[in-house]
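Trainee: This is work-v3.txt, which holds compact mmCIF, C-alpha atoms:
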# COMPACT_ATOMS: atom_id res chain seq x y z
CA MET O 23 55.17 -151.19 -73.32
CA ARG O 24 56.48 -148.30 -71.27
CA ILE O 25 56.52 -146.11 -74.41
CA THR O 26 52.88 -146.97 -75.16
CA HIS O 27 51.88 -146.07 -71.61
CA LEU O 28 53.72 -142.73 -71.90
CA LEU O 29 52.12 -141.99 -75.27
CA LYS O 30 48.65 -142.74 -73.87
CA ARG O 31 49.30 -140.44 -70.92
CA GLN O 32 50.55 -137.63 -73.20
CA ALA O 33 47.56 -138.11 -75.51
CA LEU O 34 45.19 -137.89 -72.52
CA PHE O 35 46.79 -134.64 -71.31
CA CYS O 36 46.61 -133.22 -74.86
CA MET O 37 42.91 -134.11 -75.13
CA VAL O 38 42.14 -132.53 -71.75
CA GLY O 39 44.01 -129.40 -72.82
CA ILE O 40 42.13 -129.20 -76.13
CA VAL O 41 38.73 -129.67 -74.48
CA PHE O 42 39.57 -127.07 -71.83
CA THR O 43 40.71 -124.58 -74.50
CA MET O 44 37.63 -125.18 -76.67
CA SER O 45 35.21 -124.82 -73.75
CA ALA O 46 36.73 -121.44 -72.95
CA CYS O 47 35.71 -120.27 -76.45
CA VAL O 48 32.07 -121.32 -76.17
CA GLU O 49 29.45 -119.19 -74.43
CA PHE O 50 26.81 -121.22 -72.64
CA PRO O 51 23.40 -119.59 -72.10
CA GLU O 52 22.07 -119.37 -68.56
CA SER O 53 19.16 -121.53 -69.62
CA PHE O 54 19.13 -124.20 -72.26
CA GLU O 55 15.37 -123.78 -72.85
CA LYS O 56 14.42 -122.93 -76.40
CA ALA O 57 13.58 -119.23 -76.55
CA GLU O 58 10.37 -118.18 -78.26
CA PRO O 59 11.03 -116.24 -81.44
CA GLU O 60 10.19 -112.57 -81.11
CA ILE O 61 6.87 -111.97 -82.81
CA VAL O 62 6.51 -108.67 -84.59
CA MET O 63 3.51 -106.64 -83.48
CA VAL O 64 0.64 -106.73 -85.95
CA PRO O 65 -0.49 -103.24 -87.07
CA LEU O 66 -3.69 -102.55 -85.11
CA GLU O 67 -6.53 -100.04 -85.52
CA PHE O 68 -6.69 -99.49 -81.76
CA ASP O 69 -4.43 -99.02 -78.76
CA HIS O 70 -3.80 -102.53 -77.46
CA GLN O 71 -2.44 -101.18 -74.17
CA LYS O 72 -5.73 -99.39 -73.48
CA LEU O 73 -7.71 -102.54 -74.27
CA LEU O 74 -5.44 -104.62 -72.03
CA PHE O 75 -5.76 -102.03 -69.26
CA HIS O 76 -9.59 -102.18 -69.34
CA VAL O 77 -9.68 -105.98 -69.44
CA ASN O 78 -7.19 -106.28 -66.57
CA GLU O 79 -8.98 -103.61 -64.54
CA LEU O 80 -12.10 -105.75 -64.77
CA ARG O 81 -10.20 -108.97 -63.97
CA THR O 82 -8.34 -107.60 -60.95
CA LYS O 83 -11.46 -106.06 -59.37
CA GLY O 84 -13.92 -108.85 -60.16
CA CYS O 85 -17.40 -108.18 -61.51
CA THR O 86 -20.87 -109.56 -62.08
CA CYS O 87 -21.45 -111.37 -65.37
CA GLY O 88 -25.22 -111.50 -65.78
CA GLN O 89 -26.34 -113.00 -62.47
CA LYS O 90 -22.99 -114.63 -61.72
CA GLU O 91 -20.47 -113.04 -59.35
CA MET O 92 -16.97 -113.40 -60.76
CA PRO O 93 -14.09 -113.04 -58.28
CA ALA O 94 -10.94 -111.09 -59.00
CA VAL O 95 -8.38 -113.04 -61.04
CA ASP O 96 -4.83 -112.45 -62.24
CA PRO O 97 -4.28 -109.96 -65.08
CA LEU O 98 -3.65 -111.15 -68.63
CA ASN O 99 -0.47 -110.64 -70.63
CA TRP O 100 -0.59 -109.39 -74.22
CA ASN O 101 0.48 -111.95 -76.83
CA ASN O 102 1.30 -110.86 -80.39
CA LEU O 103 0.57 -114.31 -81.84
CA LEU O 104 -2.94 -114.23 -80.40
CA ALA O 105 -3.33 -110.69 -81.73
CA LYS O 106 -2.36 -111.96 -85.17
CA ALA O 107 -5.04 -114.68 -85.03
CA ALA O 108 -7.62 -112.18 -83.78
CA GLN O 109 -6.71 -109.63 -86.46
CA LYS O 110 -7.03 -112.29 -89.16
CA HIS O 111 -10.59 -113.03 -88.03
CA SER O 112 -11.55 -109.35 -87.79
CA ASP O 113 -10.14 -108.77 -91.29
CA ASP O 114 -12.15 -111.74 -92.59
CA MET O 115 -15.41 -110.54 -91.01
CA HIS O 116 -14.85 -107.04 -92.40
CA GLN O 117 -13.88 -108.12 -95.93
CA ASN O 118 -16.69 -110.67 -96.24
CA ASN O 119 -19.33 -108.73 -94.26
CA PHE O 120 -20.35 -111.39 -91.74
CA PHE O 121 -20.40 -111.65 -87.96
CA ASN O 122 -19.66 -115.14 -86.64
CA HIS O 123 -17.03 -117.16 -84.80
CA ILE O 124 -16.67 -119.40 -87.88
CA GLY O 125 -14.56 -117.79 -90.61
CA SER O 126 -15.63 -117.39 -94.24
CA ASP O 127 -13.24 -120.28 -94.99
CA ASN O 128 -14.96 -122.40 -92.27
CA SER O 129 -12.00 -121.84 -89.95
CA THR O 130 -12.60 -122.16 -86.23
CA LEU O 131 -10.76 -120.41 -83.42
CA GLU O 132 -8.60 -123.52 -82.93
CA ILE O 133 -7.65 -123.63 -86.61
CA ARG O 134 -6.75 -119.92 -86.70
CA VAL O 135 -4.63 -120.13 -83.55
CA ASN O 136 -2.88 -123.30 -84.74
CA GLN O 137 -2.11 -121.67 -88.10
CA ILE O 138 -0.20 -118.82 -86.45
CA GLY O 139 1.84 -121.27 -84.38
CA TYR O 140 0.60 -120.60 -80.84
CA ARG O 141 0.83 -123.66 -78.58
CA TRP O 142 -2.27 -123.62 -76.40
CA ARG O 143 -4.00 -125.66 -73.71
CA SER O 144 -7.28 -123.71 -73.61
CA LEU O 145 -8.79 -121.06 -75.85
CA GLY O 146 -11.67 -118.60 -75.90
CA GLU O 147 -12.86 -115.96 -78.33
CA ASN O 148 -15.04 -112.87 -78.01
CA ILE O 149 -16.27 -110.96 -81.04
CA ALA O 150 -18.06 -107.63 -81.14
CA ARG O 151 -19.43 -105.36 -83.82
CA GLY O 152 -19.79 -101.64 -83.53
CA ASN O 153 -18.11 -98.29 -83.85
CA MET O 154 -16.49 -98.14 -80.40
CA ASP O 155 -13.22 -97.49 -78.65
CA GLU O 156 -11.27 -99.92 -76.44
CA ALA O 157 -13.23 -99.15 -73.25
CA LYS O 158 -16.60 -99.53 -74.98
CA ALA O 159 -15.55 -102.82 -76.60
CA VAL O 160 -14.60 -104.25 -73.19
CA GLN O 161 -17.86 -102.89 -71.74
CA ALA O 162 -19.87 -104.53 -74.56
CA TRP O 163 -18.24 -107.88 -73.73
CA LYS O 164 -18.84 -107.30 -70.01
CA ASP O 165 -22.53 -106.65 -70.70
CA SER O 166 -22.87 -110.06 -72.38
CA PRO O 167 -22.79 -112.75 -69.66
CA GLY O 168 -21.02 -115.39 -71.78
CA HIS O 169 -18.41 -112.98 -73.11
CA CYS O 170 -17.92 -111.53 -69.63
CA GLU O 171 -17.35 -114.96 -68.08
CA LEU O 172 -14.78 -115.70 -70.77
CA MET O 173 -12.88 -112.48 -70.00
CA MET O 174 -13.00 -113.33 -66.29
CA ALA O 175 -11.91 -116.96 -66.61
CA ALA O 176 -8.94 -117.51 -64.31
CA ASP O 177 -7.66 -120.26 -66.61
CA PHE O 178 -6.58 -117.76 -69.27
CA LEU O 179 -3.13 -116.18 -69.02
CA GLU O 180 -2.74 -114.33 -72.33
CA VAL O 181 -4.83 -112.24 -74.69
CA GLY O 182 -4.57 -110.75 -78.14
CA ALA O 183 -7.13 -108.71 -80.05
CA GLY O 184 -7.78 -107.37 -83.51
CA LYS O 185 -10.10 -104.84 -85.11
CA LYS O 186 -11.02 -104.04 -88.68
CA GLY O 187 -13.64 -101.37 -89.27
CA GLU O 188 -16.34 -102.13 -86.73
CA PHE O 189 -15.38 -105.80 -86.23
CA TRP O 190 -13.55 -106.69 -83.01
CA THR O 191 -12.03 -110.05 -82.04
CA MET O 192 -10.43 -111.01 -78.73
CA VAL O 193 -8.57 -114.30 -78.31
CA LEU O 194 -7.82 -115.58 -74.80
CA ALA O 195 -5.52 -118.51 -74.15
CA LYS O 196 -3.42 -120.57 -71.84
Can the structure from this file be put into C-alpha cells for me?
Mentor:
Amino acid sequence: MRITHLLKRQALFCMVGIVFTMSACVEFPESFEKAEPEIVMVPLEFDHQKLLFHVNELRTKGCTCGQKEMPAVDPLNWNNLLAKAAQKHSDDMHQNNFFNHIGSDNSTLEIRVNQIGYRWRSLGENIARGNMDEAKAVQAWKDSPGHCELMMAADFLEVGAGKKGEFWTMVLAK
C-alpha cells in the first residue's frame, strides 16, 4: 500500500513536470478571438483613399440631404470585402449595359455581400453612372437625397466601392 501511494505521488509529479514543460513550448496569443483573414485588395479603376476621404469629409462635417439636415457622424473605414461586392456589381452593370440595384443574375445587395463572406447587420448601396472622378462621384450621391442620407447614416461603420467604365457602386455596412 505504501508503494502504491509512492508510485501515485511520483506519477503526479511527473505529470506536473510534463505539463509544465509542454506549456513552455506553446505560444498563447494575447487574444483567443478568431482573426479575420486578410482580404487582398481588389484592383480598382479609382483611388479608394480619395473616395474614402471625400465621403468621410462629408460625414464628419455634416450636410443637407435634400431638405433634411444631417448631423456630423463618425468616419467610415474601408473594407476590402465590401469593395469586392461593389466591384462585382459595377462589372456586371458594365458588361451587361444596365443600371440597377438588381444584378443581371437577379442578385440583390444582400446576396452579393453574403457571397463574398461579409457578416453584416445592416447594408446600403449607392450606384452612379457617369464619367467622373472620386470627388464628383461622392458629389453626385450627395446631390441625390436618398443616396446622401445613406452616406450620412450613422449606423454604417464600413464602406467599399467599385467602378467599371462609367458604373460606380458603393456598399455601406455595419
Trainee: Please provide the set of residues having any atom within 7 Å of Thr191 in chain O, restricted to all atoms listed in the file, with same-chain residues fewer than 3 positions apart removed, written as an MDAnalysis selection string.
Mentor: chainID O and resid 108:109 111:112 148:150 183:185
Trainee: Name all residues at most 8 Å from Ile138 in chain O (count all atoms listed in the file; drop same-chain ones fewer than 6 positions away) and give them as a tab-separated table (two decimals) with C-alpha atoms, in the coordinates of the input.
Mentor:
chain	number	residue	atom	x	y	z
O	103	LEU	CA	0.57	-114.31	-81.84
O	106	LYS	CA	-2.36	-111.96	-85.17
O	107	ALA	CA	-5.04	-114.68	-85.03
Trainee: Skipping near chain neighbours, those fewer than 4 positions away, what residues fall within 12 Å of Gly88 in chain O using all atoms listed in the file, listed as a list in words?
Mentor: Met92, Trp163, Lys164, Asp165, Ser166, Pro167, Gly168, His169, Cys170 and Glu171 of chain O
Trainee: Of the residues O:Arg151, O:Lys90, O:Arg143, O:Arg81, which is the one nearest to Met115 in chain O, using all atoms listed in the file?
Mentor: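 Closest to Met115 in chain O of all the choices is O:Arg151.
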Trainee: Write out as a list in words the residues lying within 10 Å of Glu132 in chain O, counting all atoms listed in the file and excluding same-chain residues fewer than 4 positions away.
Mentor: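 Surrounding residues, per the criterion: Ala107, Asn136, Gln137, Tyr140, Trp142, Ser144, Leu145, Gly146 and Glu147 of chain O.
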Trainee: Assuming 6 Å of padding per side, give the centre and edge lengths of the axis-aligned box around every listed atom of range 173-191 of chain O, in Å to one decimal and as JSON.
Mentor:
{"center_x": -9.5, "center_y": -110.8, "center_z": -76.8, "size_x": 25.6, "size_y": 30.9, "size_z": 37.0}
